[in-house]
Amino acid sequence: MAGDKAPSVHSLDKPEKLQDLLKQDRGDDCLPCKIMGGGAFLGLAAYSYISGQAQLERQRAQIISSKSMFGMRSRKLGITGISLALVWVGLWRLVK
């Protein structure tokens, strides 16, 4: 610490470039970490879709007889939307 020099006022006056700050802020992420993270989200998307659709089919009679404003179509759309969002996050994790 004794050898550290304090920055000059002139260097502190000048703002740093945003791109340089973003490069410094981005942490190093190893390839296996990216693959595991992306694979986890993709697996969660598949599980969510398959188990959600199966559960809807098991409860089809109850849902139809309940006369709810949310029928089978909107519930299936909700499950599909959640699964697609998880797929997007998984792919984003693999790329970024």
# chains A, B, ... in the order shown; residues from 1 in each chain; ligands from 1
$ residues_around --residues "Leu86 of chain A" --least-positions-apart "4" --cutoff "12 Å" --atoms "only C-alpha atoms" --output "list in words"
Gly37, Gly38, Gly39, Ala40, Phe41, Leu42, Gly43, Leu44, Ala45, Ala46, Tyr47, Ser48, Tyr49, Ile79, Thr80, Gly81, Ile82, Gly90, Leu91, Trp92 and Arg93 of chain A
$ select_by_dssp --residues "chain A" --states "helix (DSSP H, G or I)" --output "PyMOL selection string"
chain A and resi 9-13+18-25+31-58+60-65+72-95
$ atom_distance --atom1 "atom CA of Asp25 of chain A" --atom2 "atom CA of Leu12 of chain A"
19.1 Å
$ closest_residue --among "A:Met69, A:Ile50, A:Ile63, A:Met36" --to "Leu94 of chain A" --atoms "only C-alpha atoms"
A:Met36
$ residues_around --residues "segment 53-56 of chain A" --least-positions-apart "2" --cutoff "8 Å" --atoms "only C-alpha atoms" --output "list in words"
Tyr49, Ile50, Ser51, Arg58, Gln59, Arg60, Met72, Arg75, Lys76 and Ile79 of chain A
$ decode --residues "segment 13-48 of chain A" --atoms "N, CA, C and O atoms" --output "tab-separated table (two decimals), in the first residue's frame"
chain	number	residue	atom	x	y	z
A	13	ASP	N	-11.01	13.52	-13.30
A	13	ASP	CA	-11.97	14.41	-13.95
A	13	ASP	C	-12.55	13.79	-15.22
A	13	ASP	O	-13.68	14.05	-15.58
A	14	LYS	N	-11.75	12.98	-15.88
A	14	LYS	CA	-12.15	12.40	-17.16
A	14	LYS	C	-12.95	11.10	-16.89
A	14	LYS	O	-12.47	10.20	-16.22
A	15	PRO	N	-14.19	10.99	-17.41
A	15	PRO	CA	-14.98	9.78	-17.18
A	15	PRO	C	-14.41	8.59	-17.96
A	15	PRO	O	-13.82	8.76	-19.03
A	16	GLU	N	-14.57	7.42	-17.41
A	16	GLU	CA	-14.09	6.22	-18.09
A	16	GLU	C	-15.08	5.81	-19.17
A	16	GLU	O	-16.27	6.11	-19.09
A	17	LYS	N	-14.58	5.10	-20.16
A	17	LYS	CA	-15.44	4.65	-21.25
A	17	LYS	C	-16.34	3.53	-20.74
A	17	LYS	O	-15.91	2.65	-20.00
A	18	LEU	N	-17.59	3.57	-21.16
A	18	LEU	CA	-18.56	2.58	-20.73
A	18	LEU	C	-18.16	1.17	-21.18
A	18	LEU	O	-18.29	0.21	-20.41
A	19	GLN	N	-17.68	1.04	-22.39
A	19	GLN	CA	-17.30	-0.28	-22.90
A	19	GLN	C	-16.17	-0.89	-22.08
A	19	GLN	O	-16.16	-2.09	-21.82
A	20	ASP	N	-15.22	-0.06	-21.65
A	20	ASP	CA	-14.12	-0.55	-20.81
A	20	ASP	C	-14.63	-1.02	-19.46
A	20	ASP	O	-14.20	-2.05	-18.94
A	21	LEU	N	-15.57	-0.27	-18.88
A	21	LEU	CA	-16.13	-0.66	-17.60
A	21	LEU	C	-16.92	-1.96	-17.70
A	21	LEU	O	-16.86	-2.81	-16.81
A	22	LEU	N	-17.66	-2.11	-18.80
A	22	LEU	CA	-18.42	-3.34	-19.00
A	22	LEU	C	-17.51	-4.55	-19.17
A	22	LEU	O	-17.81	-5.64	-18.69
A	23	LYS	N	-16.39	-4.36	-19.86
A	23	LYS	CA	-15.44	-5.46	-20.03
A	23	LYS	C	-14.82	-5.85	-18.69
A	23	LYS	O	-14.61	-7.03	-18.42
A	24	GLN	N	-14.53	-4.87	-17.85
A	24	GLN	CA	-13.97	-5.17	-16.54
A	24	GLN	C	-14.99	-5.83	-15.64
A	24	GLN	O	-14.66	-6.69	-14.84
A	25	ASP	N	-16.25	-5.43	-15.78
A	25	ASP	CA	-17.30	-5.95	-14.91
A	25	ASP	C	-17.68	-7.38	-15.27
A	25	ASP	O	-18.11	-8.14	-14.41
A	26	ARG	N	-17.55	-7.73	-16.52
A	26	ARG	CA	-17.91	-9.08	-16.96
A	26	ARG	C	-16.91	-10.06	-16.37
A	26	ARG	O	-15.72	-10.00	-16.63
A	27	GLY	N	-17.39	-10.97	-15.58
A	27	GLY	CA	-16.50	-11.94	-14.95
A	27	GLY	C	-16.10	-13.03	-15.92
A	27	GLY	O	-16.76	-13.29	-16.91
A	28	ASP	N	-14.99	-13.65	-15.62
A	28	ASP	CA	-14.56	-14.78	-16.43
A	28	ASP	C	-15.43	-15.97	-16.09
A	28	ASP	O	-15.63	-16.31	-14.93
A	29	ASP	N	-15.96	-16.60	-17.10
A	29	ASP	CA	-16.84	-17.74	-16.91
A	29	ASP	C	-16.30	-18.87	-17.76
A	29	ASP	O	-16.17	-18.74	-18.98
A	30	CYS	N	-16.02	-19.98	-17.14
A	30	CYS	CA	-15.44	-21.09	-17.87
A	30	CYS	C	-16.52	-21.79	-18.71
A	30	CYS	O	-17.71	-21.70	-18.44
A	31	LEU	N	-16.08	-22.49	-19.73
A	31	LEU	CA	-17.00	-23.17	-20.64
A	31	LEU	C	-17.85	-24.22	-19.93
A	31	LEU	O	-19.06	-24.28	-20.17
A	32	PRO	N	-17.28	-25.05	-19.04
A	32	PRO	CA	-18.15	-26.00	-18.34
A	32	PRO	C	-19.22	-25.32	-17.49
A	32	PRO	O	-20.33	-25.85	-17.36
A	33	CYS	N	-18.93	-24.16	-16.94
A	33	CYS	CA	-19.93	-23.43	-16.16
A	33	CYS	C	-21.07	-22.96	-17.05
A	33	CYS	O	-22.24	-23.02	-16.67
A	34	LYS	N	-20.74	-22.48	-18.24
A	34	LYS	CA	-21.76	-22.04	-19.17
A	34	LYS	C	-22.63	-23.21	-19.61
A	34	LYS	O	-23.85	-23.11	-19.69
A	35	ILE	N	-22.00	-24.34	-19.91
A	35	ILE	CA	-22.74	-25.51	-20.37
A	35	ILE	C	-23.64	-26.05	-19.27
A	35	ILE	O	-24.80	-26.38	-19.51
A	36	MET	N	-23.12	-26.12	-18.05
A	36	MET	CA	-23.93	-26.62	-16.94
A	36	MET	C	-25.09	-25.68	-16.64
A	36	MET	O	-26.22	-26.12	-16.40
A	37	GLY	N	-24.84	-24.38	-16.65
A	37	GLY	CA	-25.90	-23.40	-16.37
A	37	GLY	C	-26.97	-23.42	-17.44
A	37	GLY	O	-28.17	-23.45	-17.15
A	38	GLY	N	-26.54	-23.41	-18.70
A	38	GLY	CA	-27.49	-23.45	-19.80
A	38	GLY	C	-28.26	-24.76	-19.84
A	38	GLY	O	-29.47	-24.80	-20.06
A	39	GLY	N	-27.55	-25.86	-19.58
A	39	GLY	CA	-28.20	-27.16	-19.56
A	39	GLY	C	-29.21	-27.29	-18.44
A	39	GLY	O	-30.26	-27.93	-18.60
A	40	ALA	N	-28.92	-26.67	-17.31
A	40	ALA	CA	-29.86	-26.71	-16.19
A	40	ALA	C	-31.16	-26.00	-16.55
A	40	ALA	O	-32.25	-26.51	-16.26
A	41	PHE	N	-31.06	-24.85	-17.17
A	41	PHE	CA	-32.27	-24.12	-17.57
A	41	PHE	C	-33.03	-24.87	-18.67
A	41	PHE	O	-34.27	-24.90	-18.65
A	42	LEU	N	-32.31	-25.47	-19.61
A	42	LEU	CA	-32.99	-26.22	-20.66
A	42	LEU	C	-33.68	-27.46	-20.09
A	42	LEU	O	-34.80	-27.80	-20.49
A	43	GLY	N	-33.02	-28.12	-19.15
A	43	GLY	CA	-33.65	-29.27	-18.49
A	43	GLY	C	-34.86	-28.86	-17.68
A	43	GLY	O	-35.88	-29.56	-17.67
A	44	LEU	N	-34.77	-27.73	-17.01
A	44	LEU	CA	-35.90	-27.23	-16.24
A	44	LEU	C	-37.06	-26.87	-17.15
A	44	LEU	O	-38.23	-27.10	-16.81
A	45	ALA	N	-36.76	-26.34	-18.32
A	45	ALA	CA	-37.81	-26.02	-19.29
A	45	ALA	C	-38.52	-27.28	-19.75
A	45	ALA	O	-39.75	-27.33	-19.82
A	46	ALA	N	-37.75	-28.32	-20.06
A	46	ALA	CA	-38.36	-29.58	-20.51
A	46	ALA	C	-39.20	-30.19	-19.41
A	46	ALA	O	-40.33	-30.65	-19.64
A	47	TYR	N	-38.67	-30.21	-18.20
A	47	TYR	CA	-39.41	-30.78	-17.07
A	47	TYR	C	-40.70	-30.00	-16.81
A	47	TYR	O	-41.75	-30.58	-16.57
A	48	SER	N	-40.60	-28.68	-16.85
A	48	SER	CA	-41.76	-27.84	-16.61
A	48	SER	C	-42.85	-28.09	-17.65
A	48	SER	O	-44.03	-28.19	-17.32
